[in-house]
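Structure file data_5.cif (mmCIF, C-alpha atoms and all ligand atoms) is printed below.
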data_run
loop_
_atom_site.label_atom_id
_atom_site.label_comp_id
_atom_site.auth_asym_id
_atom_site.auth_seq_id
_atom_site.Cartn_x
_atom_site.Cartn_y
_atom_site.Cartn_z
CA MET A 277 113.43 69.60 107.83
CA SER A 278 112.45 70.46 111.39
CA LYS A 279 115.55 69.83 113.55
CA GLY A 280 118.48 72.23 113.58
CA PHE A 281 118.38 75.51 115.46
CA SER A 282 115.94 78.31 116.20
CA ILE A 283 115.85 81.81 117.66
CA LEU A 284 113.10 83.14 119.91
CA ILE A 285 112.46 86.89 119.80
CA ASP A 286 110.19 87.80 122.72
CA THR A 287 109.14 91.30 121.73
CA SER A 288 107.54 91.85 125.15
CA LYS A 289 111.06 92.08 126.59
CA CYS A 290 112.52 94.32 123.88
CA THR A 291 113.38 97.88 124.95
CA ALA A 292 114.54 98.93 121.47
CA CYS A 293 118.12 99.51 122.58
CA ARG A 294 119.18 98.26 119.11
CA GLY A 295 122.13 96.34 120.52
CA CYS A 296 121.14 93.44 118.22
CA GLN A 297 121.09 95.72 115.20
CA ILE A 298 124.59 97.03 115.91
CA ALA A 299 125.95 93.57 116.81
CA CYS A 300 124.76 92.26 113.43
CA LYS A 301 126.56 95.08 111.62
CA GLN A 302 129.71 94.57 113.67
CA TRP A 303 129.94 90.78 113.32
CA ASN A 304 129.13 90.79 109.62
CA GLN A 305 131.34 93.84 108.96
CA LEU A 306 128.49 95.70 107.30
CA PRO A 307 129.08 99.43 106.72
CA ALA A 308 126.99 102.16 108.29
CA SER A 309 124.98 104.32 105.94
CA GLN A 310 123.97 107.97 106.06
CA THR A 311 120.36 108.31 107.25
CA LYS A 312 117.86 111.15 107.62
CA ASN A 313 115.29 111.98 110.30
CA TRP A 314 112.06 110.65 108.82
CA GLY A 315 109.89 111.31 111.89
CA SER A 316 110.56 108.07 113.77
CA TYR A 317 113.08 106.76 116.26
CA GLN A 318 113.45 103.78 113.90
CA ASN A 319 116.77 104.15 112.15
CA PRO A 320 117.47 103.30 109.39
CA LYS A 321 114.06 103.38 107.75
CA ASP A 322 114.28 99.88 106.31
CA LEU A 323 116.38 96.76 105.85
CA SER A 324 119.00 96.97 103.10
CA ALA A 325 121.87 95.02 101.57
CA ASP A 326 123.94 96.44 104.48
CA THR A 327 121.32 96.16 107.25
CA TRP A 328 120.12 92.61 107.97
CA LYS A 329 118.64 93.30 111.40
CA LEU A 330 116.37 96.24 112.11
CA VAL A 331 114.39 97.18 115.22
CA ARG A 332 111.12 98.51 113.83
CA PHE A 333 109.16 101.06 115.88
CA ALA A 334 105.36 101.34 115.69
CA ASP A 335 102.97 103.52 117.64
CA GLY A 336 99.22 104.06 117.52
CA THR A 337 95.97 104.13 119.45
CA ASN A 338 94.06 101.08 120.63
CA ARG A 339 90.27 100.83 120.30
CA ASP A 340 89.88 101.78 123.97
CA GLY A 341 91.84 105.01 123.40
CA SER A 342 95.06 103.85 125.06
CA VAL A 343 98.27 104.29 123.11
CA TYR A 344 100.84 101.63 122.20
CA TRP A 345 104.51 101.72 121.23
CA HIS A 346 105.76 98.40 119.90
CA PHE A 347 109.28 97.26 118.94
CA PHE A 348 109.94 94.47 116.44
CA SER A 349 113.48 93.23 115.89
CA ASP A 350 113.05 92.23 112.24
CA GLN A 351 115.22 89.74 110.36
CA CYS A 352 115.00 86.68 108.08
CA ARG A 353 112.84 83.93 109.64
CA HIS A 354 114.86 81.07 108.09
CA CYS A 355 111.61 79.47 106.95
CA LEU A 356 111.30 75.67 106.87
CA SER A 357 110.00 75.97 103.29
CA PRO A 358 111.53 79.24 102.11
CA GLY A 359 109.40 81.02 99.52
CA CYS A 360 112.42 83.08 98.48
CA MET A 361 114.07 79.91 97.13
CA ALA A 362 111.44 79.40 94.41
CA GLU A 363 113.53 81.36 91.91
CA ALA A 364 116.82 79.62 92.76
CA GLU A 365 117.91 76.83 90.43
CA HIS A 366 121.46 76.00 91.48
CA ASP A 367 123.67 77.38 94.24
CA GLU A 368 122.11 80.83 94.53
CA ILE A 369 120.30 79.98 97.80
CA ILE A 370 121.21 77.04 100.04
CA GLN A 371 119.26 75.58 102.94
CA ASP A 372 121.81 74.01 105.27
CA GLU A 373 120.59 70.59 106.40
CA LYS A 374 122.25 70.53 109.80
CA THR A 375 121.41 74.00 111.11
CA GLY A 376 118.41 74.87 108.92
CA ALA A 377 120.01 78.19 107.94
CA VAL A 378 118.87 79.66 104.62
CA LEU A 379 122.03 81.05 103.01
CA TYR A 380 122.33 83.48 100.09
CA THR A 381 125.50 83.12 98.02
CA PRO A 382 127.18 85.61 95.64
CA ALA A 383 125.36 83.75 92.84
CA THR A 384 122.14 85.51 93.94
CA LYS A 385 123.19 88.27 91.55
CA ARG A 386 121.85 85.96 88.78
CA LEU A 387 118.36 85.84 90.32
CA ASP A 388 115.38 88.01 89.51
CA PHE A 389 115.34 90.18 92.63
CA ARG A 390 111.69 91.20 92.39
CA ALA A 391 110.60 87.56 92.16
CA THR A 392 112.84 86.60 95.09
CA LEU A 393 111.40 89.39 97.22
CA GLU A 394 107.86 88.54 96.15
CA GLY A 395 108.46 84.93 97.25
CA CYS A 396 109.29 86.03 100.80
CA PRO A 397 106.20 86.46 102.97
CA TYR A 398 108.10 88.69 105.39
CA ASN A 399 109.59 91.25 102.96
CA ILE A 400 113.21 90.45 103.86
CA PRO A 401 115.65 90.12 100.90
CA ARG A 402 117.40 93.28 99.73
CA GLN A 403 119.60 93.84 96.67
CA ASP A 404 122.87 95.72 96.39
CA PRO A 405 122.11 98.21 93.61
CA LYS A 406 125.70 98.09 92.32
CA THR A 407 126.58 94.37 92.37
CA LYS A 408 122.99 93.05 92.09
CA GLN A 409 123.81 90.50 94.81
CA ILE A 410 120.92 89.82 97.23
CA PHE A 411 121.47 89.87 100.99
CA LYS A 412 119.77 89.05 104.29
CA CYS A 413 120.57 87.56 107.72
CA ASN A 414 122.71 84.42 107.46
CA PHE A 415 121.74 83.02 110.91
CA CYS A 416 125.35 83.78 111.94
CA PHE A 417 126.28 80.55 110.19
CA GLN A 418 130.00 80.77 110.97
CA ARG A 419 129.24 81.28 114.66
CA ILE A 420 126.57 78.63 115.14
CA THR A 421 128.59 75.96 113.33
CA ASN A 422 131.42 76.69 115.77
CA GLY A 423 129.30 76.47 118.90
CA ILE A 424 128.81 80.23 119.39
CA ILE A 425 125.39 81.85 119.59
CA PRO A 426 124.38 84.49 117.00
CA ALA A 427 125.82 87.95 117.55
CA CYS A 428 122.39 89.59 117.90
CA VAL A 429 121.29 87.09 120.55
CA LYS A 430 124.52 87.53 122.50
CA ALA A 431 124.18 91.32 122.46
CA CYS A 432 120.62 91.49 123.82
CA PRO A 433 120.80 92.85 127.39
CA THR A 434 117.17 92.11 128.33
CA GLY A 435 117.00 88.42 127.41
CA ALA A 436 114.47 89.14 124.64
CA MET A 437 116.36 86.77 122.31
CA GLN A 438 117.27 83.14 122.85
CA PHE A 439 119.02 80.62 120.58
CA GLY A 440 119.15 76.84 120.74
CA GLU A 441 117.95 73.50 119.40
CA ARG A 442 114.70 74.00 117.52
CA ASP A 443 112.60 71.70 119.72
CA LYS A 444 113.73 73.47 122.88
CA ILE A 445 113.13 76.95 121.47
CA LEU A 446 109.67 75.89 120.25
CA ASP A 447 108.80 74.75 123.77
CA ILE A 448 109.97 78.05 125.27
CA THR A 449 108.04 79.94 122.57
CA ARG A 450 104.77 78.12 123.37
CA LYS A 451 105.22 78.65 127.11
CA ARG A 452 105.91 82.36 126.67
CA GLU A 453 102.86 82.68 124.39
CA GLU A 454 100.64 81.15 127.10
CA GLU A 455 102.12 83.34 129.84
CA LEU A 456 101.57 86.53 127.86
CA LYS A 457 97.99 85.58 126.93
CA LYS A 458 97.06 85.79 130.63
CA THR A 459 97.68 89.56 130.53
CA PHE A 460 97.37 90.28 126.82
CA PRO A 461 94.54 88.28 125.19
CA GLU A 462 95.84 89.01 121.66
CA ALA A 463 99.34 87.70 122.45
CA ARG A 464 100.63 85.04 120.09
CA ALA A 465 103.63 83.31 118.56
CA ILE A 466 103.88 84.14 114.85
CA ASN A 467 103.82 81.05 112.58
CA PRO A 468 106.18 79.04 114.84
CA ASP A 469 105.61 75.81 112.88
CA ASP A 470 106.79 77.43 109.63
CA VAL A 471 109.84 79.43 110.68
CA ARG A 472 113.06 79.12 112.70
CA VAL A 473 113.02 82.67 114.02
CA ASN A 474 110.00 82.67 116.31
CA PHE A 475 108.48 86.00 117.28
CA VAL A 476 106.17 86.34 120.27
CA VAL A 477 104.01 89.49 120.32
CA LYS A 478 101.57 90.98 122.83
CA ALA A 479 99.08 92.26 120.25
CA ASP A 480 97.95 91.86 116.65
CA PRO A 481 101.21 91.55 114.64
CA LYS A 482 99.96 94.22 112.20
CA LYS A 483 100.31 96.75 115.04
CA TYR A 484 104.06 96.00 114.98
CA TYR A 485 104.81 95.84 111.28
CA GLU A 486 102.85 95.37 108.08
CA TYR A 487 104.62 92.10 107.22
CA ALA A 488 105.16 90.80 110.76
CA ALA A 489 102.78 87.86 110.27
CA GLY A 490 103.61 87.40 106.58
CA LYS A 491 101.91 88.60 103.41
S1 LIG B 501 121.57 85.89 113.29
FE1 LIG B 501 123.51 87.00 112.82
S2 LIG B 501 123.22 87.68 110.68
FE2 LIG B 501 121.17 87.17 111.50
S3 LIG B 501 120.33 89.09 112.33
FE3 LIG B 501 121.38 88.02 114.03
S4 LIG B 501 123.48 88.90 114.00
FE4 LIG B 501 122.56 89.39 112.02
S1 LIG B 502 111.98 85.00 105.75
FE1 LIG B 502 111.97 85.37 103.57
S2 LIG B 502 114.14 85.54 103.02
FE2 LIG B 502 114.04 84.48 105.01
S3 LIG B 502 114.00 82.26 104.48
FE3 LIG B 502 111.87 82.99 104.70
S4 LIG B 502 111.28 83.44 102.60
FE4 LIG B 502 113.52 83.40 102.63
#
How would this structure read if it were set down as structure tokens?
Amino acid sequence: MSKGFSILIDTSKCTACRGCQIACKQWNQLPASQTKNWGSYQNPKDLSADTWKLVRFADGTNRDGSVYWHFFSDQCRHCLSPGCMAEAEHDEIIQDEKTGAVLYTPATKRLDFRATLEGCPYNIPRQDPKTKQIFKCNFCFQRITNGIIPACVKACPTGAMQFGERDKILDITRKREEELKKTFPEARAINPDDVRVNFVVKADPKKYYEYAAGK
């Protein structure tokens, strides 16, 4: 399946305002959770059953001694061949033919969570410790099937996120990759032929997040 929709996340335009993170919580009616200062502006520390979108913060020193501070608005990539589905036998995980969305149902509580997580190259699924149900971004399925763009995309004030037909978003992704390469030789689109949520980064993806480019 290669038609359907896609999202572009151009990290070079992200200012880490976290509007997308909050919009995801608001639209999906996900509760806030108590967090602690763990020495980073990134909050919360990780994705969870209640946090499906997370702006990850990463800082460090380049080989030439300059410093970097990168932001990575992490979420499910809605893979064309989702590794997380390997454990599903029935209706636990559905790949919608029209949109391409990979949807987790309440039946995910029957799945082996560790195996589901292991199957995901991007370290995305999270389990509710009480109900055992597994959660992640649902591509704002109710919105996109009613002609409305995803809540996170709508909330982004810098234009770092775009949503549309997959072919069109792939074109924009490739163009943006080429533009950025002129200034940042390590710039790239991350696995755009394998996923529906296309990230463009200015540097080695590992400088953004351990699993940014997949396991
Ligand atoms: S597409 Fe919807 S569910 Fe997925 S991260 Fe964005 S707001 Fe959250
Ligand atoms: S990113 Fe992970 S959870 Fe999302 S569809 Fe791909 S394998 Fe599944």
Within 7 Å of ligand LIG 502 (chain B), counting all atoms listed in the file, residues as a PDB file with C-alpha atoms, keeping the file's coordinate frame:
ATOM      1  CA  CYS A 352     115.000  86.680 108.080  1.00  0.00           C
ATOM      2  CA  ARG A 353     112.840  83.930 109.640  1.00  0.00           C
ATOM      3  CA  HIS A 354     114.860  81.070 108.090  1.00  0.00           C
ATOM      4  CA  CYS A 355     111.610  79.470 106.950  1.00  0.00           C
ATOM      5  CA  PRO A 358     111.530  79.240 102.110  1.00  0.00           C
ATOM      6  CA  GLY A 359     109.400  81.020  99.520  1.00  0.00           C
ATOM      7  CA  CYS A 360     112.420  83.080  98.480  1.00  0.00           C
ATOM      8  CA  MET A 361     114.070  79.910  97.130  1.00  0.00           C
ATOM      9  CA  VAL A 378     118.870  79.660 104.620  1.00  0.00           C
ATOM     10  CA  GLY A 395     108.460  84.930  97.250  1.00  0.00           C
ATOM     11  CA  CYS A 396     109.290  86.030 100.800  1.00  0.00           C
ATOM     12  CA  PRO A 397     106.200  86.460 102.970  1.00  0.00           C
ATOM     13  CA  TYR A 398     108.100  88.690 105.390  1.00  0.00           C
ATOM     14  CA  ASN A 399     109.590  91.250 102.960  1.00  0.00           C
ATOM     15  CA  ILE A 400     113.210  90.450 103.860  1.00  0.00           C
ATOM     16  CA  PRO A 401     115.650  90.120 100.900  1.00  0.00           C
ATOM     17  CA  LYS A 412     119.770  89.050 104.290  1.00  0.00           C
TER      18      LYS A 412
END
Check: In Å to one decimal, how far is CA of Ala377 in chain A from CA of Phe415 in chain A?
Finding: 5.9 Å
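Minimum atom-to-atom distances from A:Cys293, A:Cys413, A:Ala325, A:Ala436 to Arg452 in chain A were compared using all atoms listed in the file, and the lowest value belongs to A:Ala436.
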Note to self: as JSON, numbers by chain, please: every protein or nucleic acid residue near ligand LIG 501 (chain B) (cut-off 7 Å, counting only C-alpha atoms and all ligand atoms).
What the structure shows: {"A": [296, 299, 300, 301, 303, 304, 328, 329, 351, 413, 414, 415, 416, 426, 427, 428, 429]}
Margin query: Report as a VMD selection string all protein, DNA and RNA residues lying within 12 Å of Lys444 in chain A, evaluated on only C-alpha atoms, omitting residues in the same chain fewer than 3 positions from it.
Written below: chain A and resid 278 to 284 438 to 441 447 to 451 472 474
Notebook entry, point to check: Quick one, how far is CA of Asn313 in chain A from CA of Asp404 in chain A?
Noted result: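 We find that CA of Asn313 in chain A and CA of Asp404 in chain A lie 22.7 Å from each other.
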Notebook entry, point to check: With all atoms listed in the file as the atoms that count, which of A:Pro433, A:Ser309, A:Lys478, A:Arg386 lies nearest to Ala465 in chain A?
Noted result: A:Lys478
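Residues lying within 10 Å of Asp322 in chain A, counting only C-alpha atoms and ignoring same-chain neighbours fewer than 4 positions away, are Gln318, Thr327, Trp328, Lys329, Leu330, Val331, Arg332, Asp350, Ile400 and Arg402 of chain A.
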Checklist line | A:Lys491, A:Ile425, A:Ile285, A:Ile420 ranked by distance to Leu446 in chain A, top pick (using all atoms listed in the file) | finding: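 Among A:Lys491, A:Ile425, A:Ile285, A:Ile420, it is A:Ile285 that comes nearest to Leu446 in chain A.
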Margin query: as a list in words, please: the residues near Trp345 in chain A (cut-off 7 Å, all atoms listed in the file, same-chain neighbours under 4 positions excluded).
Written below: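 Close residues of Trp345 in chain A: Ala334, Asp335 and Gly336 of chain A.
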Checklist line | Shortest interatomic distance to Ser288 in chain A - which of A:Ala488, A:Ala383, A:Met437, A:Val473, counting all atoms listed in the file | finding: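 Of A:Ala488, A:Ala383, A:Met437, A:Val473, the one nearest Ser288 in chain A, counting all atoms listed in the file, is A:Met437.
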